[in-house]
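Q: For reference, this is protein00.cif, and it has mmCIF, C-alpha atoms.
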data_protein
loop_
_atom_site.label_atom_id
_atom_site.label_comp_id
_atom_site.auth_asym_id
_atom_site.auth_seq_id
_atom_site.Cartn_x
_atom_site.Cartn_y
_atom_site.Cartn_z
CA MET A 678 29.23 4.41 -33.06
CA ASN A 679 25.95 4.11 -31.14
CA HIS A 680 22.51 4.75 -32.59
CA ILE A 681 19.09 4.84 -30.90
CA VAL A 682 16.67 2.56 -32.75
CA ALA A 683 13.60 2.57 -30.49
CA PRO A 684 10.29 2.13 -32.32
CA GLU A 685 7.57 4.60 -31.38
CA ASN A 686 5.69 2.06 -29.26
CA CYS A 687 8.78 0.63 -27.51
CA ALA A 688 7.97 -0.78 -24.07
CA GLY A 689 11.61 -1.13 -23.03
CA CYS A 690 11.16 -4.90 -22.65
CA ALA A 691 14.80 -5.58 -23.73
CA LEU A 692 13.87 -8.55 -25.90
CA CYS A 693 16.12 -7.19 -28.65
CA ALA A 694 19.10 -6.87 -26.28
CA ASN A 695 18.66 -10.48 -25.15
CA LEU A 696 18.27 -11.79 -28.71
CA CYS A 697 21.22 -9.97 -30.29
CA PRO A 698 23.92 -12.57 -31.14
CA LYS A 699 26.68 -9.92 -30.98
CA ASP A 700 25.46 -8.05 -27.85
CA ALA A 701 25.35 -4.93 -29.99
CA ILE A 702 22.20 -3.64 -28.26
CA THR A 703 22.07 -2.02 -24.85
CA MET A 704 19.13 -0.41 -23.07
CA VAL A 705 19.63 3.26 -22.18
CA TRP A 706 17.53 5.86 -20.37
CA ASN A 707 15.86 8.38 -22.69
CA LYS A 708 14.96 11.98 -21.84
CA TYR A 709 11.50 10.90 -20.64
CA GLY A 710 12.86 8.47 -18.05
CA PHE A 711 12.19 5.24 -19.92
CA LEU A 712 14.47 2.53 -21.31
CA GLU A 713 15.03 2.17 -25.05
CA PRO A 714 17.49 0.22 -27.23
CA GLU A 715 20.75 1.69 -28.47
CA VAL A 716 22.74 -0.14 -31.15
CA ASN A 717 26.52 -0.24 -31.46
CA THR A 718 26.64 -0.03 -35.24
CA GLU A 719 30.23 -1.26 -35.34
CA ALA A 720 29.27 -4.53 -33.60
CA CYS A 721 25.93 -4.95 -35.42
CA ILE A 722 25.93 -7.53 -38.26
CA ASN A 723 22.50 -6.45 -39.62
CA CYS A 724 20.97 -9.88 -39.05
CA GLY A 725 17.58 -8.24 -38.46
CA MET A 726 16.64 -10.54 -35.59
CA CYS A 727 15.79 -7.62 -33.28
CA LEU A 728 13.42 -6.08 -35.84
CA ARG A 729 11.72 -9.38 -36.68
CA GLN A 730 10.98 -10.20 -33.05
CA CYS A 731 10.24 -6.72 -31.64
CA PRO A 732 6.73 -6.74 -30.03
CA ALA A 733 6.30 -3.04 -30.87
CA LEU A 734 6.63 -3.79 -34.59
CA GLU A 735 4.27 -6.73 -34.81
CA GLU A 736 0.55 -6.72 -35.35
CA SER A 737 -0.64 -7.69 -31.92
CA GLU A 738 -2.16 -11.14 -31.67
CA GLN A 739 -3.14 -10.26 -28.13
CA ALA A 740 -5.49 -7.51 -29.23
CA GLU A 741 -7.10 -9.73 -31.87
CA LYS A 742 -7.87 -12.64 -29.54
CA ALA A 743 -11.46 -13.36 -28.61
CA GLU A 744 -12.18 -12.02 -25.14
CA ASN A 745 -11.09 -14.54 -22.55
CA HIS A 746 -12.88 -15.08 -19.24
CA PRO A 747 -10.30 -16.54 -16.89
CA ILE A 748 -11.06 -18.18 -13.57
CA ALA A 749 -10.92 -15.39 -11.00
CA TYR A 750 -10.36 -15.27 -7.26
CA GLY A 751 -9.98 -12.82 -4.45
CA ALA A 752 -7.32 -14.08 -2.05
CA TRP A 753 -4.96 -13.19 0.77
CA MET A 754 -2.23 -14.94 2.77
CA LYS A 755 -2.99 -16.56 6.11
CA ASP A 756 0.53 -15.59 7.22
CA GLU A 757 -0.13 -12.16 8.74
CA ASP A 758 3.55 -11.11 8.71
CA ILE A 759 3.84 -11.72 4.95
CA LEU A 760 0.47 -10.07 4.38
CA GLN A 761 1.69 -6.95 6.19
CA GLN A 762 4.91 -6.83 4.14
CA SER A 763 3.10 -7.28 0.81
CA SER A 764 1.42 -4.54 -1.24
CA SER A 765 -1.90 -6.40 -1.33
CA GLY A 766 -2.71 -10.03 -0.49
CA GLY A 767 0.75 -11.64 -0.75
CA ILE A 768 -0.07 -14.06 -3.58
CA PHE A 769 3.35 -13.65 -5.22
CA THR A 770 5.06 -14.88 -2.04
CA ALA A 771 2.78 -17.92 -1.83
CA LEU A 772 3.56 -18.89 -5.43
CA ALA A 773 7.28 -18.23 -5.00
CA ARG A 774 7.51 -20.30 -1.81
CA SER A 775 5.88 -23.22 -3.59
CA VAL A 776 8.48 -23.06 -6.37
CA LEU A 777 11.38 -22.69 -3.92
CA ASN A 778 10.16 -25.74 -2.00
CA GLU A 779 10.58 -27.74 -5.23
CA GLY A 780 14.18 -26.58 -5.57
CA GLY A 781 13.21 -23.95 -8.12
CA ILE A 782 14.28 -20.38 -8.77
CA ILE A 783 12.37 -17.09 -8.86
CA PHE A 784 12.96 -14.20 -11.27
CA GLY A 785 11.57 -10.82 -10.27
CA VAL A 786 12.38 -7.20 -9.48
CA VAL A 787 14.28 -5.68 -6.56
CA TRP A 788 15.52 -2.20 -5.68
CA GLN A 789 19.17 -1.70 -6.66
CA THR A 790 19.22 1.92 -5.49
CA PRO A 791 16.39 4.13 -4.17
CA ASP A 792 15.49 5.17 -7.74
CA THR A 793 16.51 2.07 -9.73
CA ALA A 794 14.75 -1.30 -9.94
CA VAL A 795 16.39 -4.31 -11.60
CA PHE A 796 15.51 -7.90 -12.46
CA THR A 797 17.35 -10.57 -10.52
CA SER A 798 16.89 -14.10 -9.21
CA ALA A 799 16.05 -15.52 -5.79
CA GLU A 800 16.73 -18.98 -4.40
CA THR A 801 16.17 -18.33 -0.68
CA GLU A 802 13.49 -16.76 1.51
CA GLU A 803 15.88 -13.89 2.28
CA GLU A 804 16.41 -13.12 -1.42
CA LEU A 805 12.69 -13.48 -2.06
CA ALA A 806 11.84 -10.84 0.57
CA ALA A 807 13.46 -8.10 -1.54
CA MET A 808 11.08 -8.89 -4.42
CA ARG A 809 7.98 -8.18 -2.35
CA GLY A 810 6.25 -4.82 -2.62
CA SER A 811 5.37 -2.45 -5.45
CA LYS A 812 8.06 -0.73 -7.52
CA TYR A 813 6.45 1.97 -9.64
CA VAL A 814 9.37 2.63 -11.97
CA PRO A 815 10.72 1.04 -15.19
CA ALA A 816 12.78 -2.01 -14.22
CA ILE A 817 16.12 -2.76 -15.88
CA VAL A 818 15.64 -6.16 -17.55
CA GLY A 819 19.29 -6.72 -18.42
CA LYS A 820 19.93 -10.19 -19.84
CA ILE A 821 17.37 -11.85 -17.56
CA TYR A 822 15.65 -13.80 -20.38
CA ARG A 823 18.93 -15.54 -21.09
CA GLN A 824 19.27 -16.46 -17.42
CA VAL A 825 15.73 -17.84 -17.36
CA LYS A 826 16.48 -20.02 -20.40
CA HIS A 827 19.70 -21.27 -18.77
CA GLU A 828 17.83 -22.37 -15.63
CA LEU A 829 15.05 -23.99 -17.64
CA LYS A 830 17.59 -26.08 -19.54
CA LYS A 831 18.76 -27.43 -16.16
CA LYS A 832 15.18 -28.73 -15.68
CA ARG A 833 14.62 -26.52 -12.64
CA LYS A 834 11.18 -25.15 -11.86
CA VAL A 835 11.22 -21.44 -12.75
CA LEU A 836 8.81 -18.68 -11.73
CA PHE A 837 9.08 -15.46 -13.74
CA THR A 838 7.08 -12.41 -12.71
CA GLY A 839 6.93 -9.05 -14.45
CA THR A 840 4.68 -6.66 -16.32
CA PRO A 841 2.65 -8.15 -19.20
CA CYS A 842 5.05 -6.78 -21.83
CA GLN A 843 8.00 -8.41 -20.04
CA VAL A 844 6.23 -11.77 -19.71
CA TYR A 845 5.22 -11.58 -23.39
CA ALA A 846 8.83 -10.74 -24.36
CA LEU A 847 10.18 -13.70 -22.39
CA LYS A 848 7.80 -16.06 -24.18
CA LYS A 849 8.85 -14.67 -27.57
CA TYR A 850 12.49 -15.14 -26.58
CA LEU A 851 11.94 -18.78 -25.57
CA LYS A 852 9.72 -19.57 -28.60
CA THR A 853 8.52 -22.83 -27.02
CA ILE A 854 7.38 -22.78 -23.40
CA PRO A 855 8.72 -25.68 -21.31
CA GLU A 856 6.58 -27.34 -18.64
CA ASN A 857 8.89 -26.20 -15.83
CA LEU A 858 8.16 -22.48 -16.43
CA LEU A 859 5.42 -20.64 -14.55
CA THR A 860 4.77 -17.03 -15.61
CA VAL A 861 2.97 -14.41 -13.53
CA ASP A 862 2.07 -11.03 -14.99
CA ILE A 863 1.18 -8.01 -12.90
CA VAL A 864 -2.10 -6.41 -13.98
CA CYS A 865 -0.31 -3.22 -14.86
CA HIS A 866 -1.88 0.24 -14.65
CA GLY A 867 1.07 1.56 -16.67
CA THR A 868 4.76 2.29 -16.12
CA PRO A 869 5.51 5.79 -14.79
CA SER A 870 8.64 7.72 -15.73
CA ARG A 871 11.71 7.21 -13.59
CA LEU A 872 12.13 11.00 -13.66
CA ILE A 873 9.18 11.39 -11.28
CA LEU A 874 10.84 9.22 -8.62
CA GLN A 875 14.20 10.91 -9.10
CA LYS A 876 12.68 14.38 -8.65
CA TYR A 877 10.66 13.13 -5.67
CA ILE A 878 13.80 11.80 -3.97
CA GLN A 879 15.82 14.92 -4.84
CA GLU A 880 13.24 17.28 -3.34
CA SER A 881 12.85 15.07 -0.25
CA GLU A 882 16.61 15.03 0.34
CA LEU A 883 16.76 18.84 0.11
CA LYS A 884 13.86 19.17 2.53
CA GLN A 885 15.31 16.71 5.06
CA ASN A 886 18.94 17.71 4.45
CA ASP A 887 19.82 14.00 4.33
CA LYS A 888 20.27 11.20 1.80
CA VAL A 889 17.49 8.75 0.93
CA VAL A 890 18.72 5.17 1.27
CA ARG A 891 15.46 3.29 0.71
CA VAL A 892 12.03 3.77 -0.80
CA ARG A 893 9.02 1.66 0.11
CA MET A 894 5.84 2.04 -1.87
CA ARG A 895 2.49 0.97 -0.44
CA GLU A 896 3.43 0.34 3.19
CA LYS A 897 0.40 -0.51 5.33
CA PRO A 898 0.82 1.07 8.79
CA GLU A 899 -2.84 2.14 8.71
CA GLY A 900 -4.19 -0.36 6.21
CA TRP A 901 -4.31 -1.37 2.56
CA ASP A 902 -6.81 1.16 1.20
CA PRO A 903 -5.25 3.89 -1.05
CA GLY A 904 -6.39 6.46 1.51
CA LEU A 905 -4.49 4.61 4.25
CA SER A 906 -1.40 3.01 2.65
CA HIS A 907 1.84 5.01 2.68
CA ILE A 908 4.79 5.90 0.46
CA ALA A 909 7.80 5.87 2.80
CA LEU A 910 11.32 7.23 2.46
CA TYR A 911 14.12 6.03 4.74
CA PHE A 912 17.10 8.33 5.29
CA GLU A 913 20.76 7.79 6.10
CA ASN A 914 20.35 9.15 9.63
CA GLY A 915 17.73 6.49 10.40
CA SER A 916 14.68 8.72 10.05
CA ARG A 917 11.55 7.82 8.10
CA VAL A 918 9.18 10.18 6.28
CA SER A 919 5.91 8.91 4.82
CA HIS A 920 2.70 10.21 3.29
CA ARG A 921 -0.61 8.56 2.62
CA SER A 922 -0.66 7.41 -1.00
CA ASN A 923 -3.60 9.57 -2.05
CA ALA A 924 -1.88 12.68 -0.67
CA ASP A 925 1.60 11.87 -2.00
CA SER A 926 3.07 13.84 -4.92
CA PHE A 927 4.76 10.83 -6.50
CA MET A 928 1.60 8.72 -6.47
CA GLN A 929 -0.54 11.62 -7.69
CA LEU A 930 1.70 12.13 -10.72
CA PHE A 931 1.81 8.39 -11.42
CA LEU A 932 -1.98 8.05 -11.23
CA SER A 933 -2.59 11.17 -13.31
CA ASP A 934 -1.85 8.86 -16.31
CA THR A 935 0.03 11.69 -18.03
CA MET A 936 3.60 10.43 -17.53
CA LEU A 937 3.47 6.77 -18.51
CA ASN A 938 5.55 5.12 -21.20
CA THR A 939 4.19 5.77 -24.70
CA SER A 940 3.53 2.05 -25.15
CA CYS A 941 1.22 2.01 -22.11
CA TYR A 942 -1.41 4.09 -23.94
CA ARG A 943 -1.60 1.44 -26.68
CA CYS A 944 -0.91 -1.65 -24.60
CA PRO A 945 -2.38 -4.81 -26.19
CA HIS A 946 -2.55 -6.52 -22.79
CA ARG A 947 -5.27 -4.31 -21.26
CA THR A 948 -7.82 -7.12 -21.47
CA THR A 949 -8.53 -10.40 -19.73
CA SER A 950 -6.51 -12.16 -22.47
CA ARG A 951 -3.25 -12.16 -20.53
CA PRO A 952 0.28 -13.39 -21.38
CA GLY A 953 0.96 -14.94 -17.95
CA ASP A 954 -0.25 -18.28 -16.63
CA ILE A 955 -1.52 -16.24 -13.67
CA SER A 956 -2.24 -12.52 -13.36
CA ILE A 957 -2.15 -10.82 -9.95
CA CYS A 958 -3.08 -7.36 -8.72
CA ASP A 959 -4.81 -5.36 -6.00
CA TYR A 960 -8.51 -6.12 -5.91
CA TRP A 961 -9.63 -2.49 -5.86
CA GLY A 962 -13.35 -1.99 -5.39
CA VAL A 963 -13.75 -5.42 -3.79
CA ALA A 964 -16.03 -3.99 -1.09
CA ASN A 965 -18.63 -3.25 -3.78
CA TYR A 966 -18.86 -6.95 -4.66
CA HIS A 967 -17.87 -8.72 -1.45
CA PRO A 968 -18.62 -6.38 1.48
CA ASP A 969 -18.14 -9.19 4.01
CA TRP A 970 -14.47 -9.79 3.12
CA PRO A 971 -11.89 -8.26 5.52
CA LEU A 972 -10.16 -5.36 3.76
CA ALA A 973 -7.72 -4.14 6.42
CA GLN A 974 -4.43 -5.61 5.19
CA GLY A 975 -5.15 -6.24 1.52
CA ILE A 976 -6.85 -8.52 -0.96
CA SER A 977 -5.30 -9.69 -4.22
CA GLY A 978 -7.15 -10.21 -7.46
CA VAL A 979 -6.03 -13.46 -9.09
CA LEU A 980 -6.76 -14.40 -12.72
CA VAL A 981 -5.98 -17.98 -13.72
CA ASN A 982 -5.24 -17.99 -17.45
CA SER A 983 -3.98 -21.52 -18.15
CA GLU A 984 -4.02 -25.11 -16.89
CA ARG A 985 -0.50 -24.56 -15.58
CA GLY A 986 -1.73 -21.53 -13.67
CA ALA A 987 -4.68 -23.49 -12.26
CA GLU A 988 -2.33 -26.20 -10.97
CA ALA A 989 -0.08 -23.57 -9.36
CA VAL A 990 -2.99 -21.87 -7.58
CA GLU A 991 -4.32 -25.24 -6.40
CA SER A 992 -0.89 -26.02 -4.90
CA ILE A 993 -0.90 -22.88 -2.71
CA LYS A 994 -4.50 -22.86 -1.50
CA GLU A 995 -3.46 -24.09 1.96
CA GLN A 996 -1.48 -20.86 2.40
CA LEU A 997 -4.45 -18.68 1.43
CA ILE A 998 -7.93 -17.60 2.22
CA ILE A 999 -9.37 -17.68 -1.30
CA HIS A 1000 -12.81 -17.11 -2.78
CA PRO A 1001 -14.14 -17.15 -6.35
CA THR A 1002 -15.12 -13.86 -7.94
CA LYS A 1003 -15.64 -12.38 -11.41
CA SER A 1004 -12.71 -11.41 -13.61
CA GLN A 1005 -14.41 -8.22 -14.79
CA HIS A 1006 -14.88 -7.08 -11.20
CA ILE A 1007 -11.11 -7.31 -10.77
CA MET A 1008 -10.32 -5.53 -14.05
CA ASN A 1009 -12.90 -2.72 -13.78
CA ARG A 1010 -10.82 -0.55 -11.45
CA GLN A 1011 -7.37 -2.03 -11.98
CA CYS A 1012 -6.80 -1.87 -15.72
CA PRO A 1013 -9.10 0.27 -17.90
CA GLU A 1014 -8.99 -0.92 -21.50
CA VAL A 1015 -8.81 2.65 -22.85
CA LEU A 1016 -6.12 5.02 -21.58
CA PRO A 1017 -6.22 8.36 -23.47
CA TYR A 1018 -2.91 9.81 -24.58
CA PRO A 1019 -2.35 13.17 -22.81
CA VAL A 1020 -2.28 16.08 -25.26
CA ASN A 1021 -0.05 18.14 -22.94
CA ARG A 1022 2.49 15.39 -22.25
CA GLU A 1023 5.47 17.35 -23.61
CA LEU A 1024 4.62 20.36 -21.44
CA ILE A 1025 4.32 18.13 -18.38
CA PHE A 1026 7.72 16.51 -18.95
CA ASN A 1027 9.38 19.87 -19.64
CA THR A 1028 7.94 21.19 -16.39
CA LEU A 1029 9.19 18.14 -14.49
CA ARG A 1030 12.69 18.50 -15.90
CA ASN A 1031 12.95 22.24 -15.28
CA GLY A 1032 10.55 22.91 -12.41
CA SER A 1033 9.30 21.31 -9.22
CA LEU A 1034 6.94 18.45 -8.47
CA LYS A 1035 4.35 21.00 -7.38
CA ASP A 1036 4.60 22.88 -10.70
CA THR A 1037 4.30 19.59 -12.58
CA LYS A 1038 1.35 18.45 -10.52
CA LEU A 1039 -0.61 21.64 -11.21
CA ILE A 1040 -0.50 20.79 -14.93
CA ALA A 1041 -0.61 16.99 -14.85
CA CYS A 1042 -3.40 16.74 -12.28
CA HIS A 1043 -5.52 19.67 -13.50
CA THR A 1044 -8.11 17.44 -15.19
CA LYS A 1045 -8.32 15.16 -12.18
CA ALA A 1046 -8.76 18.14 -9.84
CA LYS A 1047 -11.64 19.45 -11.95
CA ARG A 1048 -13.26 16.01 -11.85
CA LEU A 1049 -12.98 15.89 -8.05
CA GLU A 1050 -14.52 19.35 -7.82
CA ARG A 1051 -17.48 18.14 -9.88
CA GLU A 1052 -17.82 15.08 -7.67
CA ILE A 1053 -17.87 17.25 -4.53
CA ASN A 1054 -20.53 19.55 -5.98
CA LYS A 1055 -22.64 16.54 -6.96
CA MET A 1056 -22.32 15.04 -3.47
CA ARG A 1057 -23.11 18.40 -1.89
CA ARG A 1058 -26.43 18.53 -3.75
CA LYS A 1059 -27.21 14.94 -2.85
CA GLN A 1060 -26.54 15.40 0.85
CA MET A 1061 -28.85 18.42 0.87
CA ARG A 1062 -31.64 16.25 -0.53
CA TYR A 1063 -30.98 13.66 2.15
CA TYR A 1064 -31.02 16.39 4.80
CA LEU A 1065 -34.43 17.67 3.66
CA LEU A 1066 -35.87 14.15 3.48
CA SER A 1067 -34.60 13.31 6.96
CA PHE A 1068 -36.16 16.56 8.20
CA ILE A 1069 -39.66 15.93 6.82
CA LEU A 1070 -39.89 12.11 7.19
CA PHE A 1071 -40.44 10.04 10.32
CA GLY A 1072 -39.45 6.69 11.81
CA LYS A 1073 -37.29 4.29 9.78
CA ALA A 1074 -37.30 6.57 6.73
CA LYS A 1075 -35.88 9.43 8.80
CA THR A 1076 -33.13 7.19 10.19
CA LYS A 1077 -32.36 5.83 6.71
CA TYR A 1078 -31.74 9.27 5.18
CA ARG A 1079 -29.77 10.47 8.19
CA GLU A 1080 -27.43 7.50 7.70
CA LYS A 1081 -27.19 8.18 3.96
CA ARG A 1082 -26.31 11.81 4.62
CA LYS A 1083 -23.70 10.80 7.18
CA LYS A 1084 -22.01 8.48 4.66
CA ILE A 1085 -22.02 11.00 1.84
CA LEU A 1086 -20.60 13.71 4.12
CA GLN A 1087 -17.72 11.36 4.93
CA ARG A 1088 -17.16 10.73 1.21
CA MET A 1089 -17.18 14.48 0.60
CA ALA A 1090 -14.59 15.01 3.32
CA ASN A 1091 -12.32 12.28 1.89
CA THR A 1092 -12.67 13.65 -1.64
CA GLN A 1093 -11.89 17.17 -0.40
CA ILE A 1094 -8.70 15.85 1.21
CA ARG A 1095 -7.67 14.33 -2.14
CA LEU A 1096 -8.46 17.60 -3.94
CA ASP A 1097 -6.52 19.71 -1.44
CA ALA A 1098 -3.55 17.35 -1.77
CA LEU A 1099 -3.56 17.74 -5.57
CA LYS A 1100 -3.45 21.52 -5.27
CA ASN A 1101 -0.71 21.69 -2.62
#
Could you write out this file's structure as structure tokens?

A:
Amino acid sequence: MNHIVAPENCAGCALCANLCPKDAITMVWNKYGFLEPEVNTEACINCGMCLRQCPALEESEQAEKAENHPIAYGAWMKDEDILQQSSSGGIFTALARSVLNEGGIIFGVVWQTPDTAVFTSAETEEELAAMRGSKYVPAIVGKIYRQVKHELKKKRKVLFTGTPCQVYALKKYLKTIPENLLTVDIVCHGTPSRLILQKYIQESELKQNDKVVRVRMREKPEGWDPGLSHIALYFENGSRVSHRSNADSFMQLFLSDTMLNTSCYRCPHRTTSRPGDISICDYWGVANYHPDWPLAQGISGVLVNSERGAEAVESIKEQLIIHPTKSQHIMNRQCPEVLPYPVNRELIFNTLRNGSLKDTKLIACHTKAKRLEREINKMRRKQMRYYLLSFILFGKAKTKYREKRKKILQRMANTQIRLDALKN
């Protein structure tokens, strides 16, 4: 007899399934498109290990820590091919190559099917390639923590990368952290429901009358910026369909913050006190702080959280162009500390299950659309002021306000494109 035992704040980290001495716990998909534990009550011996170790049931030490200020960098790979294949600056590949060169092993996430991501290991460049790129879907952890422990016992260098809750779960599983383990957490915006991707693929297949065989998130045919990067679907007949990320239904629903896992709204890792030795992410907003850095193909934000992390970053600097920056500049846009729980979440999920992506988007993105409308109205008033000033002033002042008006008109046009995409 099976019984769902997921605590309210379950992140689906699968620590319980890895700990269970009788393998009585499996992770199953719930009706919201997230993984949660299910117990085989006939196999369970009531040892209580899963409950004692569950991160969702503990009082978070992470949240109680004094605010940490890690060493921070903006960085990108010198290897232009790897940079192009990576979602941002390619830092994961640089770290992984360093570990592989020492005879080590990498643990990370790959696509198993177009709508399913799983943890696996890589020991070659070819296997490593599948781990590159964003995968905005809950990943199946399986028994990966056990595999990590097995490799560590063999004294191999191990790199484990995952979301903060997965890195934290691995460390709880291991209890003591050996010197040959390097952990990298992704500065995680939140984990979106797998149902969004499944509906997205289903509707795309109906529209194209063909089967999706591959999904690539954050391709960079036009550049790294959210207004330029693409979500791409590859079909059985060899065709490819892509949309710019800021005009793509899947990305809009993900970034609406209304369809994330429940645990994401109360995540204890939304600070600069991180569980990984290194934290990596897109350095969004970097142009505001470092306007002279080249943005075309992506810049990674890198937070160094431990001595082990500092040594790892030092070992890969020859592969990178790397500059110091401020940790808060990285975190400002990437990981807001407060993520409000959506009051209409049930309605949104019901609409997704029974309606279309467009129907869902009209509800989920309503607040965001209203905000964009306010931004456009504010910019419209500002550009009118600039127009009047450029009309009545002379010389350098006239030129200055003409340039300001030109820039704000471009921002208005880009914001209008985003608003139109939300409504269509």

Q: Grab the CA of Ile999 (chain A) to CA of His866 (chain A) distance for me, in Å with one decimal place.

A: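 CA of His866 (chain A) lies at a distance of 23.6 Å from CA of Ile999 (chain A).
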
Q: Which is closest to Gly751 (chain A) among A:Arg893, A:Arg1022, A:Lys1100, A:His967, if we use all atoms listed in the file?

A: A:His967

Q: Name the closest residue to Ala733 (chain A) among the candidates A:Val844, A:Ala683, A:Leu1066, A:Met1089; distances are taken between atoms, counting all atoms listed in the file.

A: A:Ala683

Q: What does the PyMOL selection byres ((chain A and resi 800) around 9) select in this file, as a PyMOL selection string?

A: chain A and resi 777+780-783+798-799+801-805

Q: Identify all residues satisfying the PyMOL selection byres ((chain A and resi 828) around 12) in the given file; provide them as a tab-separated table (two decimals) with C-alpha atoms, in the coordinates of the input.

A:
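Saved as selection16.tsv:
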chain	number	residue	atom	x	y	z
A	780	GLY	CA	14.18	-26.58	-5.57
A	781	GLY	CA	13.21	-23.95	-8.12
A	782	ILE	CA	14.28	-20.38	-8.77
A	783	ILE	CA	12.37	-17.09	-8.86
A	784	PHE	CA	12.96	-14.20	-11.27
A	798	SER	CA	16.89	-14.10	-9.21
A	800	GLU	CA	16.73	-18.98	-4.40
A	821	ILE	CA	17.37	-11.85	-17.56
A	822	TYR	CA	15.65	-13.80	-20.38
A	823	ARG	CA	18.93	-15.54	-21.09
A	824	GLN	CA	19.27	-16.46	-17.42
A	825	VAL	CA	15.73	-17.84	-17.36
A	826	LYS	CA	16.48	-20.02	-20.40
A	827	HIS	CA	19.70	-21.27	-18.77
A	829	LEU	CA	15.05	-23.99	-17.64
A	830	LYS	CA	17.59	-26.08	-19.54
A	831	LYS	CA	18.76	-27.43	-16.16
A	832	LYS	CA	15.18	-28.73	-15.68
A	833	ARG	CA	14.62	-26.52	-12.64
A	834	LYS	CA	11.18	-25.15	-11.86
A	835	VAL	CA	11.22	-21.44	-12.75
A	836	LEU	CA	8.81	-18.68	-11.73
A	837	PHE	CA	9.08	-15.46	-13.74
A	855	PRO	CA	8.72	-25.68	-21.31
A	857	ASN	CA	8.89	-26.20	-15.83
A	858	LEU	CA	8.16	-22.48	-16.43

Q: Using the chain letters and numbering of this document, enumerate as a PDB file with C-alpha atoms, in the coordinates of the input the residues selected by the PyMOL selection byres ((chain A and resi 694) around 8).

A:
ATOM      1  CA  ALA A 691      14.800  -5.580 -23.730  1.00  0.00           C
ATOM      2  CA  LEU A 692      13.870  -8.550 -25.900  1.00  0.00           C
ATOM      3  CA  CYS A 693      16.120  -7.190 -28.650  1.00  0.00           C
ATOM      4  CA  ASN A 695      18.660 -10.480 -25.150  1.00  0.00           C
ATOM      5  CA  LEU A 696      18.270 -11.790 -28.710  1.00  0.00           C
ATOM      6  CA  CYS A 697      21.220  -9.970 -30.290  1.00  0.00           C
ATOM      7  CA  ASP A 700      25.460  -8.050 -27.850  1.00  0.00           C
ATOM      8  CA  ALA A 701      25.350  -4.930 -29.990  1.00  0.00           C
ATOM      9  CA  ILE A 702      22.200  -3.640 -28.260  1.00  0.00           C
ATOM     10  CA  THR A 703      22.070  -2.020 -24.850  1.00  0.00           C
ATOM     11  CA  MET A 704      19.130  -0.410 -23.070  1.00  0.00           C
ATOM     12  CA  PRO A 714      17.490   0.220 -27.230  1.00  0.00           C
ATOM     13  CA  CYS A 727      15.790  -7.620 -33.280  1.00  0.00           C
ATOM     14  CA  GLY A 819      19.290  -6.720 -18.420  1.00  0.00           C
ATOM     15  CA  LYS A 820      19.930 -10.190 -19.840  1.00  0.00           C
TER      16      LYS A 820
END

Q: Would you mind telling me which residue in A:Lys699, A:Arg809, A:Lys708, A:Arg1010 lies nearest to Phe1026 (chain A) when using all atoms listed in the file?

A: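 Of A:Lys699, A:Arg809, A:Lys708, A:Arg1010, the one nearest Phe1026 (chain A) is A:Lys708, counting all atoms listed in the file.
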
Q: Start from the incomplete input, build N, CA and C atoms for region 999-1008 of chain A, and deliver everything as a PDB file, in the frame of the given file.

A:
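The file below, result.pdb, is the result:
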ATOM      1  N   ILE A 999      -9.121 -17.943   0.120  1.00  0.00           N
ATOM      2  CA  ILE A 999      -9.370 -17.680  -1.300  1.00  0.00           C
ATOM      3  C   ILE A 999     -10.840 -17.926  -1.626  1.00  0.00           C
ATOM      4  N   HIS A1000     -11.401 -17.021  -2.405  1.00  0.00           N
ATOM      5  CA  HIS A1000     -12.810 -17.110  -2.780  1.00  0.00           C
ATOM      6  C   HIS A1000     -12.969 -16.810  -4.265  1.00  0.00           C
ATOM      7  N   PRO A1001     -13.882 -17.476  -4.939  1.00  0.00           N
ATOM      8  CA  PRO A1001     -14.140 -17.150  -6.350  1.00  0.00           C
ATOM      9  C   PRO A1001     -14.781 -15.785  -6.494  1.00  0.00           C
ATOM     10  N   THR A1002     -14.520 -15.145  -7.618  1.00  0.00           N
ATOM     11  CA  THR A1002     -15.120 -13.860  -7.940  1.00  0.00           C
ATOM     12  C   THR A1002     -15.227 -13.753  -9.454  1.00  0.00           C
ATOM     13  N   LYS A1003     -15.532 -12.583  -9.970  1.00  0.00           N
ATOM     14  CA  LYS A1003     -15.640 -12.380 -11.410  1.00  0.00           C
ATOM     15  C   LYS A1003     -14.435 -11.603 -11.922  1.00  0.00           C
ATOM     16  N   SER A1004     -13.898 -12.058 -13.060  1.00  0.00           N
ATOM     17  CA  SER A1004     -12.710 -11.410 -13.610  1.00  0.00           C
ATOM     18  C   SER A1004     -12.951  -9.934 -13.924  1.00  0.00           C
ATOM     19  N   GLN A1005     -14.144  -9.610 -14.426  1.00  0.00           N
ATOM     20  CA  GLN A1005     -14.410  -8.220 -14.790  1.00  0.00           C
ATOM     21  C   GLN A1005     -14.471  -7.314 -13.572  1.00  0.00           C
ATOM     22  N   HIS A1006     -14.886  -7.871 -12.436  1.00  0.00           N
ATOM     23  CA  HIS A1006     -14.880  -7.080 -11.200  1.00  0.00           C
ATOM     24  C   HIS A1006     -13.456  -6.687 -10.824  1.00  0.00           C
ATOM     25  N   ILE A1007     -12.517  -7.599 -11.054  1.00  0.00           N
ATOM     26  CA  ILE A1007     -11.110  -7.310 -10.770  1.00  0.00           C
ATOM     27  C   ILE A1007     -10.579  -6.251 -11.733  1.00  0.00           C
ATOM     28  N   MET A1008     -10.918  -6.387 -13.026  1.00  0.00           N
ATOM     29  CA  MET A1008     -10.320  -5.530 -14.050  1.00  0.00           C
ATOM     30  C   MET A1008     -10.954  -4.137 -14.116  1.00  0.00           C
TER      31      MET A1008
END
